[in-house]
>>> print(open('structure17.cif').read())   # mmCIF, C-alpha atoms
data_start
#
loop_
_atom_site.label_atom_id
_atom_site.label_comp_id
_atom_site.auth_asym_id
_atom_site.auth_seq_id
_atom_site.Cartn_x
_atom_site.Cartn_y
_atom_site.Cartn_z
CA MET A 197 -64.59 53.95 40.38
CA VAL A 198 -66.48 53.54 37.17
CA GLU A 199 -67.31 56.98 35.76
CA PHE A 200 -69.99 55.94 33.24
CA ASN A 201 -68.52 58.71 31.09
CA ALA A 202 -69.70 58.05 27.53
CA LYS A 203 -67.91 61.07 26.04
CA LYS A 204 -64.61 59.88 27.51
CA VAL A 205 -65.16 56.33 26.28
CA ALA A 206 -65.89 57.56 22.74
CA GLU A 207 -62.56 59.42 22.83
CA VAL A 208 -60.81 56.34 24.22
CA HIS A 209 -62.13 54.31 21.30
CA GLN A 210 -60.61 56.84 18.89
CA HIS A 211 -57.23 56.46 20.63
CA LEU A 212 -57.53 52.67 20.60
CA HIS A 213 -58.32 52.80 16.88
CA SER A 214 -54.96 54.50 16.30
CA HIS A 215 -52.77 52.81 18.90
CA LEU A 216 -53.84 49.19 19.36
CA PRO A 217 -52.17 46.57 17.14
CA SER A 218 -54.30 45.60 14.16
CA ASP A 219 -54.01 41.86 14.79
CA SER A 220 -56.90 40.66 16.98
CA ALA A 221 -54.75 38.00 18.63
CA LEU A 222 -52.24 40.65 19.73
CA ARG A 223 -55.02 42.86 21.10
CA VAL A 224 -56.48 40.07 23.21
CA LYS A 225 -53.00 39.03 24.35
CA ALA A 226 -52.36 42.60 25.51
CA LEU A 227 -55.67 42.60 27.40
CA GLU A 228 -54.87 39.30 29.10
CA THR A 229 -51.34 40.45 29.99
CA LEU A 230 -52.62 43.65 31.61
CA LEU A 231 -55.34 41.83 33.55
CA VAL A 232 -52.83 39.29 34.86
CA GLU A 233 -50.31 41.96 35.81
CA LYS A 234 -53.05 43.89 37.62
CA GLY A 235 -54.13 40.79 39.53
CA LEU A 236 -57.61 40.90 38.02
CA ILE A 237 -57.53 37.49 36.40
CA ASN A 238 -55.86 34.10 36.66
CA PRO A 239 -54.86 32.74 33.22
CA GLU A 240 -55.63 29.17 34.27
CA SER A 241 -59.22 30.24 34.84
CA ILE A 242 -59.43 31.46 31.26
CA ASP A 243 -58.43 27.94 30.16
CA ALA A 244 -61.10 26.48 32.45
CA TRP A 245 -63.86 28.63 30.95
CA ILE A 246 -62.80 27.74 27.40
CA GLU A 247 -62.90 24.03 28.28
CA ALA A 248 -66.27 24.41 29.99
CA TYR A 249 -67.81 26.08 26.91
CA THR A 250 -66.16 23.61 24.52
CA GLU A 251 -66.84 20.34 26.31
CA ASP A 252 -69.73 20.77 28.75
CA ILE A 253 -71.82 23.83 27.92
CA GLY A 254 -73.16 23.95 24.37
CA PRO A 255 -76.10 23.16 22.09
CA LYS A 256 -76.22 19.55 23.25
CA ARG A 257 -77.85 20.93 26.39
CA GLY A 258 -80.51 22.68 24.33
CA ALA A 259 -81.06 19.52 22.31
CA HIS A 260 -81.54 17.54 25.51
CA ILE A 261 -84.14 20.06 26.71
CA VAL A 262 -86.01 19.78 23.39
CA ALA A 263 -85.92 15.98 23.34
CA LYS A 264 -87.12 15.78 26.94
CA ALA A 265 -89.99 18.16 26.13
CA TRP A 266 -91.01 15.89 23.25
CA CYS A 267 -91.00 12.80 25.49
CA ASP A 268 -92.36 14.20 28.74
CA PRO A 269 -95.57 16.30 28.48
CA ASP A 270 -95.34 17.39 32.12
CA PHE A 271 -91.79 18.67 31.60
CA LYS A 272 -92.88 20.45 28.42
CA GLN A 273 -95.68 22.18 30.30
CA ARG A 274 -93.27 23.35 33.00
CA LEU A 275 -90.80 24.44 30.32
CA VAL A 276 -93.31 26.61 28.49
CA GLN A 277 -94.69 28.08 31.73
CA ASP A 278 -91.41 28.70 33.59
CA ALA A 279 -88.38 27.78 31.52
CA PRO A 280 -85.67 28.78 34.06
CA SER A 281 -87.12 26.42 36.69
CA ALA A 282 -87.59 23.61 34.18
CA ILE A 283 -84.02 23.76 32.84
CA ASP A 284 -82.72 24.01 36.40
CA GLU A 285 -84.05 20.46 36.88
CA LEU A 286 -81.34 19.44 34.38
CA ASP A 287 -78.67 21.72 35.94
CA TYR A 288 -78.66 23.81 32.74
CA LEU A 289 -79.74 27.11 34.29
CA GLY A 290 -76.88 29.60 34.02
CA ASN A 291 -75.39 32.45 32.06
CA ALA A 292 -78.14 34.43 30.28
CA THR A 293 -80.97 32.00 30.96
CA GLY A 294 -82.35 33.51 34.18
CA HIS A 295 -85.25 34.92 32.12
CA LEU A 296 -85.49 32.22 29.46
CA LYS A 297 -88.68 31.85 27.41
CA VAL A 298 -89.45 28.79 25.30
CA ILE A 299 -91.45 29.44 22.12
CA GLU A 300 -93.03 26.51 20.37
CA ASN A 301 -93.18 25.87 16.65
CA THR A 302 -96.44 24.36 15.40
CA ALA A 303 -97.87 23.36 12.03
CA SER A 304 -99.04 26.97 11.60
CA VAL A 305 -96.33 28.96 13.43
CA HIS A 306 -92.58 29.31 12.89
CA ASN A 307 -90.40 31.20 15.38
CA LEU A 308 -87.09 32.94 14.65
CA VAL A 309 -84.79 34.56 17.24
CA VAL A 310 -82.47 37.52 16.70
CA CYS A 311 -80.81 40.35 18.64
CA THR A 312 -80.74 43.43 16.39
CA LEU A 313 -79.00 45.69 18.95
CA CYS A 314 -76.12 43.41 19.97
CA SER A 315 -76.03 39.62 19.98
CA CYS A 316 -77.93 38.35 23.05
CA TYR A 317 -78.00 34.56 23.19
CA PRO A 318 -78.95 31.91 25.81
CA PHE A 319 -75.34 30.87 26.52
CA SER A 320 -75.87 28.25 29.21
CA ILE A 321 -78.02 26.08 26.92
CA LEU A 322 -76.65 26.85 23.42
CA GLY A 323 -73.01 27.74 24.16
CA ILE A 324 -71.12 30.12 21.88
CA ALA A 325 -73.29 31.65 19.16
CA PRO A 326 -72.42 31.01 15.52
CA ALA A 327 -70.66 33.90 13.79
CA TRP A 328 -73.59 34.50 11.44
CA TYR A 329 -75.89 35.15 14.41
CA LYS A 330 -73.62 38.01 15.50
CA ALA A 331 -73.08 39.44 11.99
CA GLU A 332 -74.91 42.46 10.59
CA ALA A 333 -76.30 40.51 7.62
CA TYR A 334 -78.46 38.31 9.87
CA ARG A 335 -79.23 40.91 12.53
CA SER A 336 -80.41 43.50 10.01
CA ARG A 337 -82.57 41.23 7.88
CA ALA A 338 -84.15 38.84 10.38
CA VAL A 339 -86.74 41.42 11.44
CA ARG A 340 -87.42 42.84 7.96
CA ASP A 341 -87.15 39.86 5.66
CA PRO A 342 -87.47 36.74 7.83
CA ARG A 343 -88.79 34.62 4.97
CA GLY A 344 -85.86 35.66 2.81
CA VAL A 345 -83.45 34.84 5.64
CA LEU A 346 -85.08 31.44 6.12
CA ALA A 347 -84.90 30.72 2.39
CA GLU A 348 -81.19 31.52 2.51
CA PHE A 349 -80.86 28.81 5.16
CA GLY A 350 -82.80 26.47 2.87
CA VAL A 351 -86.05 26.71 4.82
CA GLN A 352 -89.16 27.37 2.71
CA ILE A 353 -92.13 28.67 4.67
CA SER A 354 -95.53 28.49 3.00
CA ASP A 355 -97.79 31.55 3.13
CA ASP A 356 -100.25 29.94 5.53
CA ILE A 357 -97.56 29.59 8.22
CA GLU A 358 -97.15 32.65 10.43
CA VAL A 359 -93.56 33.72 11.04
CA ARG A 360 -92.87 35.20 14.47
CA VAL A 361 -89.56 36.98 14.96
CA TRP A 362 -88.33 37.57 18.51
CA ASP A 363 -85.91 40.49 18.88
CA SER A 364 -84.03 40.03 22.18
CA THR A 365 -84.16 43.67 23.31
CA ALA A 366 -84.26 42.98 27.07
CA GLU A 367 -82.80 40.31 29.38
CA LEU A 368 -85.37 37.75 28.22
CA ARG A 369 -83.79 35.05 26.07
CA TYR A 370 -85.57 32.74 23.67
CA LEU A 371 -85.27 29.06 22.81
CA VAL A 372 -87.31 27.73 19.90
CA LEU A 373 -88.94 24.38 20.58
CA PRO A 374 -88.96 22.73 17.14
CA GLN A 375 -91.60 20.20 16.10
CA ARG A 376 -90.82 16.54 16.69
CA PRO A 377 -90.00 14.75 13.44
CA SER A 378 -92.51 12.18 12.25
CA ASP A 379 -91.95 8.44 12.65
CA THR A 380 -89.83 8.89 15.76
CA GLU A 381 -92.18 7.29 18.30
CA ALA A 382 -89.74 4.45 18.90
CA LEU A 383 -86.77 6.69 19.65
CA GLY A 384 -85.55 7.50 23.16
CA GLU A 385 -84.46 10.88 24.50
CA ASP A 386 -80.81 10.51 23.52
CA GLU A 387 -81.61 9.47 19.96
CA LEU A 388 -84.13 12.27 19.64
CA ALA A 389 -81.62 14.81 20.99
CA SER A 390 -79.20 13.81 18.24
CA LEU A 391 -81.78 14.95 15.66
CA VAL A 392 -82.08 18.46 17.09
CA THR A 393 -79.90 20.96 15.25
CA ARG A 394 -78.48 24.09 16.84
CA ASN A 395 -80.12 26.18 14.11
CA SER A 396 -83.54 24.67 14.82
CA MET A 397 -83.34 26.09 18.35
CA ILE A 398 -82.62 29.58 16.94
CA GLY A 399 -85.25 29.15 14.24
CA THR A 400 -83.08 29.04 11.10
CA ASP A 401 -83.95 25.36 10.65
CA ARG A 402 -87.47 23.89 10.77
CA GLU A 403 -88.03 20.38 9.47
CA LEU A 404 -85.90 18.00 11.52
CA VAL A 405 -85.36 14.57 10.06
CA LYS A 406 -84.49 11.09 11.24
CA LYS A 407 -80.87 10.08 10.75
CA ASP A 408 -81.68 7.53 8.07
CA GLU A 409 -83.48 10.12 5.96
CA VAL A 410 -81.56 12.34 3.60
CA LYS A 411 -82.56 15.98 3.70
CA VAL A 412 -83.17 17.28 0.18
CA MET B 107 -78.04 56.36 20.77
CA ASP B 108 -78.71 56.23 17.06
CA GLY B 109 -75.48 54.34 16.56
CA ILE B 110 -74.02 51.85 14.13
CA HIS B 111 -75.07 48.96 16.39
CA ASP B 112 -78.78 49.50 15.74
CA VAL B 113 -78.94 47.48 12.53
CA GLY B 114 -82.49 46.08 12.56
CA GLY B 115 -84.02 46.62 9.10
CA LYS B 116 -80.91 48.24 7.62
CA GLN B 117 -80.13 47.10 4.09
CA GLY B 118 -76.99 46.35 2.17
CA TYR B 119 -75.17 43.95 4.49
CA GLY B 120 -75.29 41.17 1.93
CA ALA B 121 -75.64 37.42 2.25
CA ILE B 122 -75.58 35.47 5.50
CA ASP B 123 -72.76 32.97 5.90
CA VAL B 124 -75.11 30.00 6.06
CA ASP B 125 -72.27 27.60 5.26
CA GLU B 126 -70.37 28.43 8.44
CA VAL B 127 -69.16 25.20 10.04
CA ASP B 128 -71.18 24.22 13.11
CA LEU B 129 -68.14 24.14 15.37
CA TYR B 130 -69.73 22.16 18.19
CA LYS B 131 -70.20 19.27 15.74
CA THR B 132 -66.41 19.20 15.33
CA GLY B 133 -65.70 19.28 19.06
CA LYS B 134 -64.81 22.96 19.06
CA ALA B 135 -66.54 26.14 20.15
CA PHE B 136 -64.32 28.87 18.67
CA HIS B 137 -62.92 29.59 15.22
CA HIS B 138 -59.68 31.08 16.63
CA ASP B 139 -57.71 30.69 19.85
CA TRP B 140 -57.80 34.43 20.52
CA GLU B 141 -61.62 34.33 20.41
CA ALA B 142 -61.56 31.63 23.06
CA ARG B 143 -59.16 33.70 25.20
CA GLU B 144 -61.46 36.74 24.95
CA TRP B 145 -64.46 34.62 25.92
CA GLY B 146 -62.60 33.23 28.92
CA ILE B 147 -61.46 36.71 29.92
CA SER B 148 -65.03 38.01 29.74
CA ARG B 149 -66.20 35.17 31.99
CA CYS B 150 -63.72 35.51 34.82
CA ALA B 151 -62.04 38.92 34.89
CA ARG B 152 -62.94 41.02 37.89
CA THR B 153 -65.11 43.90 36.72
CA PRO B 154 -66.16 45.84 39.81
CA ASP B 155 -69.15 48.17 39.43
CA ILE B 156 -69.63 47.59 35.70
CA THR B 157 -73.24 47.01 34.66
CA ILE B 158 -74.15 44.96 31.59
CA ASP B 159 -75.87 48.02 30.13
CA TRP B 160 -72.80 50.22 30.58
CA TRP B 161 -70.66 47.54 28.92
CA ARG B 162 -73.13 47.31 26.02
CA HIS B 163 -73.11 51.09 25.65
CA CYS B 164 -69.31 51.13 25.58
CA ARG B 165 -69.45 48.63 22.72
CA GLU B 166 -71.97 50.84 20.90
CA LEU B 167 -69.52 53.75 21.24
CA ILE B 168 -66.87 52.01 19.12
CA ALA B 169 -66.30 54.07 15.96
CA PRO B 170 -68.51 52.77 13.12
CA VAL B 171 -65.54 51.86 10.94
CA ASP B 172 -64.22 49.59 13.71
CA TYR B 173 -67.63 48.25 14.71
CA LEU B 174 -68.25 47.03 11.17
CA SER B 175 -64.77 45.86 10.25
CA ARG B 176 -63.22 44.34 13.38
CA PRO B 177 -64.07 40.71 14.19
CA TYR B 178 -66.84 40.24 16.75
CA PHE B 179 -64.78 39.13 19.77
CA ASP B 180 -62.18 41.78 18.88
CA THR B 181 -64.85 44.38 19.62
CA TRP B 182 -65.38 42.70 22.99
CA ALA B 183 -61.68 43.19 23.74
CA GLN B 184 -61.84 46.82 22.68
CA THR B 185 -64.91 47.31 24.87
CA ASP B 186 -63.08 45.71 27.79
CA PHE B 187 -60.14 48.10 27.31
CA ALA B 188 -62.51 51.08 27.26
CA THR B 189 -64.45 50.03 30.35
CA TYR B 190 -61.26 49.30 32.30
CA ILE B 191 -59.90 52.73 31.35
CA ASP B 192 -63.17 54.43 32.32
CA GLY B 193 -63.14 52.54 35.61
CA GLY B 194 -59.61 53.64 36.46
CA PHE B 195 -58.19 50.12 36.25
CA PHE B 196 -55.99 50.77 33.20
CA THR B 197 -54.46 53.94 31.80
CA LEU B 198 -54.40 54.60 28.08
CA ASP B 199 -50.59 54.46 28.21
CA GLU B 200 -50.71 50.99 29.77
CA VAL B 201 -53.12 49.77 27.12
CA CYS B 202 -50.95 51.15 24.32
CA SER B 203 -47.77 49.62 25.80
CA GLY B 204 -49.49 46.34 26.70
CA HIS B 205 -48.04 46.29 30.20
CA SER B 206 -48.99 47.50 33.64
CA ASN B 207 -47.19 50.47 35.07
CA SER B 208 -46.81 49.14 38.61
CA ASP B 209 -46.58 52.65 40.06
CA ASN B 210 -50.06 53.18 38.81
CA ASN B 211 -51.55 49.88 39.97
CA PRO B 212 -54.67 50.66 42.03
CA PHE B 213 -54.95 47.16 43.42
CA ASP B 214 -53.67 45.66 46.57
CA GLU B 215 -55.46 42.34 46.36
CA VAL B 216 -54.38 38.74 46.31
CA PRO B 217 -54.63 37.54 42.69
CA PRO B 218 -57.61 35.23 42.10
CA LYS B 219 -57.05 31.50 42.54
CA PRO B 220 -57.11 29.32 39.44
CA MET B 221 -60.40 27.66 38.50
CA SER B 222 -60.82 24.16 37.13
CA LYS B 223 -63.26 23.30 34.34
CA ALA B 224 -65.64 21.91 36.97
CA ASP B 225 -65.39 25.21 38.86
CA ALA B 226 -66.26 27.09 35.68
CA VAL B 227 -69.32 24.91 35.00
CA ILE B 228 -70.55 25.56 38.54
CA ALA B 229 -69.75 29.28 38.25
CA ASP B 230 -71.75 29.44 35.03
CA SER B 231 -74.76 27.96 36.80
CA GLN B 232 -74.49 30.83 39.28
CA LYS B 233 -74.62 33.41 36.49
CA ALA B 234 -78.36 33.02 35.87
CA PHE B 235 -78.74 36.63 36.88
CA ARG B 236 -82.20 38.03 37.27
CA PHE B 237 -83.06 41.61 36.49
CA ASP B 238 -86.62 41.74 37.81
CA ALA B 239 -87.93 43.17 41.06
CA VAL B 240 -91.23 43.85 42.78
CA ILE B 241 -92.14 47.54 42.55
CA ASN B 242 -95.01 49.55 43.99
CA ASP B 243 -96.28 50.89 40.68
CA GLN B 244 -98.89 48.77 38.93
CA PRO B 245 -98.37 48.14 35.21
CA ILE B 246 -100.14 50.76 33.08
CA PHE B 247 -100.92 48.33 30.25
CA THR B 248 -102.53 44.93 30.08
CA ILE B 249 -102.52 42.16 27.51
CA GLY B 250 -104.20 43.22 24.26
CA ASP B 251 -103.77 46.98 24.78
CA ARG B 252 -102.77 48.96 21.72
CA VAL B 253 -99.63 51.01 22.27
CA ILE B 254 -97.45 53.33 20.22
CA THR B 255 -93.69 53.43 20.74
CA ASN B 256 -91.70 56.61 21.30
CA LYS B 257 -90.86 58.56 18.16
CA HIS B 258 -87.40 59.56 19.36
CA GLY B 259 -84.50 57.94 21.15
CA HIS B 260 -81.74 59.78 22.99
CA SER B 261 -77.97 60.01 22.94
CA GLY B 262 -77.43 57.42 25.68
CA HIS B 263 -77.97 53.65 25.81
CA THR B 264 -81.50 52.51 24.99
CA ARG B 265 -83.13 49.27 23.91
CA LEU B 266 -85.88 50.66 21.69
CA PRO B 267 -84.49 50.02 18.19
CA GLN B 268 -84.94 52.67 15.51
CA TYR B 269 -87.01 50.38 13.29
CA ALA B 270 -89.67 50.01 15.98
CA ARG B 271 -90.06 53.70 16.87
CA ASN B 272 -93.36 55.52 16.40
CA CYS B 273 -95.01 52.20 15.59
CA ILE B 274 -98.29 50.73 16.79
CA GLY B 275 -98.26 47.34 18.46
CA LYS B 276 -100.16 45.29 21.00
CA ILE B 277 -99.18 44.15 24.47
CA HIS B 278 -98.51 40.42 24.16
CA ALA B 279 -97.22 39.65 27.68
CA LEU B 280 -96.30 41.29 30.99
CA ASN B 281 -92.90 40.28 32.36
CA GLY B 282 -92.84 42.08 35.69
CA ALA B 283 -90.56 45.04 36.41
CA HIS B 284 -86.99 44.82 35.09
CA VAL B 285 -83.87 46.96 35.49
CA PHE B 286 -84.27 49.95 33.15
CA PRO B 287 -81.26 49.83 30.79
CA ASP B 288 -81.22 53.51 29.84
CA LEU B 289 -80.40 54.46 33.45
CA SER B 290 -78.47 51.29 34.32
CA ALA B 291 -75.99 52.34 31.63
CA GLN B 292 -75.39 55.44 33.77
CA GLY B 293 -74.90 53.39 36.92
CA LYS B 294 -78.42 54.06 38.27
CA GLN B 295 -80.51 51.02 39.12
CA THR B 296 -84.26 51.59 38.67
CA HIS B 297 -87.01 49.23 37.57
CA GLN B 298 -89.91 49.60 35.13
CA HIS B 299 -92.56 47.21 33.92
CA LEU B 300 -91.33 45.27 30.91
CA TYR B 301 -93.76 44.16 28.21
CA SER B 302 -93.49 41.85 25.24
CA VAL B 303 -95.04 43.89 22.44
CA VAL B 304 -96.11 42.39 19.13
CA PHE B 305 -96.03 44.31 15.84
CA GLU B 306 -97.41 43.18 12.51
CA THR B 307 -94.65 43.36 9.92
CA GLY B 308 -96.94 45.47 7.73
CA GLU B 309 -96.78 48.17 10.43
CA LEU B 310 -92.98 48.08 10.50
CA TRP B 311 -92.06 47.61 6.85
CA PRO B 312 -93.64 48.84 3.64
CA ASP B 313 -92.05 46.06 1.61
CA THR B 314 -92.79 43.07 3.82
CA ALA B 315 -93.39 39.73 2.13
CA ASN B 316 -96.28 38.80 4.42
CA LYS B 317 -97.87 41.65 6.34
CA HIS B 318 -99.35 39.28 8.92
CA ASP B 319 -96.01 37.96 10.09
CA LYS B 320 -95.09 39.32 13.49
CA VAL B 321 -92.12 40.84 15.27
CA PHE B 322 -91.98 40.73 19.07
CA LEU B 323 -89.86 43.13 21.14
CA ASP B 324 -89.42 43.36 24.90
CA LEU B 325 -89.98 47.01 25.77
CA TRP B 326 -90.03 49.03 28.97
CA GLU B 327 -93.07 51.07 30.00
CA SER B 328 -91.53 54.49 29.34
CA TYR B 329 -90.92 53.47 25.71
CA LEU B 330 -94.69 53.16 25.24
CA CYS B 331 -97.85 55.28 25.16
CA ALA B 332 -101.47 54.15 24.96
CA LYS B 333 -102.91 54.28 21.43
#
>>> encode(input="structure17.cif", output="structure tokens")
Amino acid sequence: MVEFNAKKVAEVHQHLHSHLPSDSALRVKALETLLVEKGLINPESIDAWIEAYTEDIGPKRGAHIVAKAWCDPDFKQRLVQDAPSAIDELDYLGNATGHLKVIENTASVHNLVVCTLCSCYPFSILGIAPAWYKAEAYRSRAVRDPRGVLAEFGVQISDDIEVRVWDSTAELRYLVLPQRPSDTEALGEDELASLVTRNSMIGTDRELVKKDEVKV
Amino acid sequence: MDGIHDVGGKQGYGAIDVDEVDLYKTGKAFHHDWEAREWGISRCARTPDITIDWWRHCRELIAPVDYLSRPYFDTWAQTDFATYIDGGFFTLDEVCSGHSNSDNNPFDEVPPKPMSKADAVIADSQKAFRFDAVINDQPIFTIGDRVITNKHGHSGHTRLPQYARNCIGKIHALNGAHVFPDLSAQGKQTHQHLYSVVFETGELWPDTANKHDKVFLDLWESYLCAK
């Protein structure tokens, strides 16, 4: 039975600090070995989950959602009103998106997503988060100096644009809907999806560009 | 708890690694194989009775020196060790030796069958867990209400960050009643109304670049008082 004993766990962490191998690979190997020996896990299933999150589940799903919202006003309306139902139409509803919210960038608003307390992320539509998203440098500054953070990513935000930072403190997760690039009326959903960057769906990218344009 | 994990607004962590390779563009998802193994373990290991809030709290309880210096997925592995020890699944001796002591194996179950990638994709679609519920209590606040957040936290798990304590904001949205993390981390499932609360950055930070920028947090009713 789980004891929910925080004092004990703090002591366990002190022991682990002293007794676990320093090498991360050895630590994880030890964890896997114990779980297999205890009958709690099948190692082939670990392989399956790695393949699923490398090949099938990732930011290309998010990009598809964005491109479809640009092309299909009815889908966009459903997405903004009830994102879990809308992404379920594409079979993208899953891990950490049961309470998804879609927040739309406009000419006067820029959205930026962070989790200051841990590293909450909408896994089933963006896959594994980049390391910077989980690092203290981003998590600490995104809420205090969002314009400085954006500048570091090469995104200049003029003073008349309002920056909205979303700190994922509950089980709600956020997907930024970036603005559609100009001169893309002739492009189909797949071509549009290829223009959508992972960072633009977190909010650390803003101006998306057509493939034949060079970003300065 | 006022722990090392609560980094919002803290200073001195330096530059962001904006040049990190976007792995998915290279056909990969992980920088290292061991990170991938830890991710896979976290997706499919049996974890009876563990709540997400208890797991998060166990990660917060990692000593600050380890929290800040160990790689991210390494801290997941350490959290897994701690929760399995707390749950009686592993002993500390087993963890330190890296092998099960079969005399101390509490399980008498058939090992799980292997999954295929297609199984994992389907299983992921079934992990769209919801944390909301209908409760009898009506929400105290409505959209536009001015609220002030609690001045103090407590020693357990909580999701009101230090930087947003004792601050005045406005109710931006009602999200229904959600599992209350402070008690869920103790194994007690209760629900409270959850609000999206908007704060002007000028209220949160004295040195903000644009005091009309906004920070939104999702906060439970007992974190808030009318202002």
>>> closest_atom_pairs(input="structure17.cif", of="chain A", to="chain B", cutoff="6 Å", atoms="all atoms listed in the file", output="CSV")
residue,atom,partner,partner_atom,distance
A:Met197,CA,B:Gly193,CA,5.2
A:Val198,CA,B:Gly193,CA,3.8
A:Glu199,CA,B:Asp192,CA,6.0
A:Phe200,CA,B:Gln292,CA,5.4
A:Val205,CA,B:Ala188,CA,6.0
A:Ala206,CA,B:Leu167,CA,5.5
A:His209,CA,B:Ile168,CA,5.7
A:His215,CA,B:Cys202,CA,6.0
A:Ser220,CA,B:Asp180,CA,5.7
A:Ala221,CA,B:Trp140,CA,5.1
A:Ala226,CA,B:Gly204,CA,4.9
A:Leu230,CA,B:His205,CA,5.5
A:Gly235,CA,B:Pro217,CA,4.6
A:Leu236,CA,B:Arg152,CA,5.3
A:Ile237,CA,B:Ala151,CA,5.0
A:Asn238,CA,B:Pro220,CA,5.7
A:Glu240,CA,B:Pro220,CA,5.4
A:Ser241,CA,B:Met221,CA,4.6
A:Ile242,CA,B:Gly146,CA,4.3
A:Ala244,CA,B:Lys223,CA,4.3
A:Trp245,CA,B:Gly146,CA,5.2
A:Ile246,CA,B:Gly146,CA,5.7
A:Ala248,CA,B:Lys223,CA,5.4
A:Thr250,CA,B:Ala135,CA,5.1
A:Leu289,CA,B:Ser231,CA,5.6
A:Gly290,CA,B:Ser231,CA,3.9
A:Asn291,CA,B:Lys233,CA,4.6
A:Ala292,CA,B:Ala234,CA,5.8
A:Thr293,CA,B:Ala234,CA,5.7
A:Gly294,CA,B:Ala234,CA,4.4
A:Thr312,CA,B:Gly114,CA,5.0
A:Leu313,CA,B:Asp112,CA,5.0
A:Trp328,CA,B:Asp123,CA,5.8
A:Ala333,CA,B:Tyr119,CA,4.8
A:Tyr334,CA,B:Ile122,CA,6.0
A:Ser336,CA,B:Gly114,CA,4.2
A:Arg337,CA,B:Gly115,CA,5.7
A:Arg340,CA,B:Gly115,CA,5.2
A:Phe349,CA,B:Val124,CA,5.9
A:Glu358,CA,B:Asp319,CA,5.4
A:Val359,CA,B:Asp319,CA,5.0
A:Arg360,CA,B:Lys320,CA,4.8
A:Val361,CA,B:Val321,CA,4.6
A:Trp362,CA,B:Phe322,CA,4.9
A:Asp363,CA,B:Leu323,CA,5.3
A:Thr365,CA,B:Asp324,CA,5.5
A:Ala366,CA,B:Asp324,CA,5.6
>>> atom_distance(input="structure17.cif", atom1="CA of Asp278 in chain A", atom2="CA of Arg394 in chain A")
21.7 Å
>>> resolve_selection(input="structure17.cif", expression="the PyMOL selection byres ((chain A and resi 300) around 9)", output="list in words")
Val276, Val298, Ile299, Asn301, Thr302, Val305, His306, Asn307, Leu371, Val372, Leu373, Pro374 and Gln375 of chain A
>>> atom_distance(input="structure17.cif", atom1="CA of Lys203 in chain A", atom2="CA of Lys330 in chain A")
26.0 Å
>>> residues_around(input="structure17.cif", residues="Ile246 in chain B", least_positions_apart="5", cutoff="10 Å", atoms="all atoms listed in the file", output="list in words")
Asp251, His299, Glu327, Leu330, Cys331 and Ala332 of chain B
>>> build_atoms(input="structure17.cif", residues="range 222-233 of chain A", atoms="N, CA and C atoms", output="PDB file, in the frame of the given file")
ATOM      1  N   LEU A 222     -53.137  39.809  18.937  1.00  0.00           N
ATOM      2  CA  LEU A 222     -52.240  40.650  19.730  1.00  0.00           C
ATOM      3  C   LEU A 222     -53.031  41.545  20.686  1.00  0.00           C
ATOM      4  N   ARG A 223     -54.181  42.028  20.230  1.00  0.00           N
ATOM      5  CA  ARG A 223     -55.020  42.860  21.100  1.00  0.00           C
ATOM      6  C   ARG A 223     -55.469  42.081  22.345  1.00  0.00           C
ATOM      7  N   VAL A 224     -55.960  40.865  22.091  1.00  0.00           N
ATOM      8  CA  VAL A 224     -56.480  40.070  23.210  1.00  0.00           C
ATOM      9  C   VAL A 224     -55.327  39.649  24.127  1.00  0.00           C
ATOM     10  N   LYS A 225     -54.169  39.375  23.530  1.00  0.00           N
ATOM     11  CA  LYS A 225     -53.000  39.030  24.350  1.00  0.00           C
ATOM     12  C   LYS A 225     -52.621  40.208  25.260  1.00  0.00           C
ATOM     13  N   ALA A 226     -52.673  41.413  24.703  1.00  0.00           N
ATOM     14  CA  ALA A 226     -52.360  42.600  25.510  1.00  0.00           C
ATOM     15  C   ALA A 226     -53.369  42.756  26.653  1.00  0.00           C
ATOM     16  N   LEU A 227     -54.640  42.500  26.355  1.00  0.00           N
ATOM     17  CA  LEU A 227     -55.670  42.600  27.400  1.00  0.00           C
ATOM     18  C   LEU A 227     -55.410  41.581  28.509  1.00  0.00           C
ATOM     19  N   GLU A 228     -55.129  40.342  28.112  1.00  0.00           N
ATOM     20  CA  GLU A 228     -54.870  39.300  29.100  1.00  0.00           C
ATOM     21  C   GLU A 228     -53.633  39.647  29.947  1.00  0.00           C
ATOM     22  N   THR A 229     -52.575  40.105  29.275  1.00  0.00           N
ATOM     23  CA  THR A 229     -51.340  40.450  29.990  1.00  0.00           C
ATOM     24  C   THR A 229     -51.604  41.528  31.050  1.00  0.00           C
ATOM     25  N   LEU A 230     -52.328  42.565  30.661  1.00  0.00           N
ATOM     26  CA  LEU A 230     -52.620  43.650  31.610  1.00  0.00           C
ATOM     27  C   LEU A 230     -53.466  43.150  32.776  1.00  0.00           C
ATOM     28  N   LEU A 231     -54.468  42.326  32.485  1.00  0.00           N
ATOM     29  CA  LEU A 231     -55.340  41.830  33.550  1.00  0.00           C
ATOM     30  C   LEU A 231     -54.568  40.945  34.524  1.00  0.00           C
ATOM     31  N   VAL A 232     -53.644  40.147  33.993  1.00  0.00           N
ATOM     32  CA  VAL A 232     -52.830  39.290  34.860  1.00  0.00           C
ATOM     33  C   VAL A 232     -51.898  40.143  35.706  1.00  0.00           C
ATOM     34  N   GLU A 233     -51.243  41.116  35.066  1.00  0.00           N
ATOM     35  CA  GLU A 233     -50.310  41.960  35.810  1.00  0.00           C
ATOM     36  C   GLU A 233     -51.017  42.792  36.885  1.00  0.00           C
TER      37      GLU A 233
END
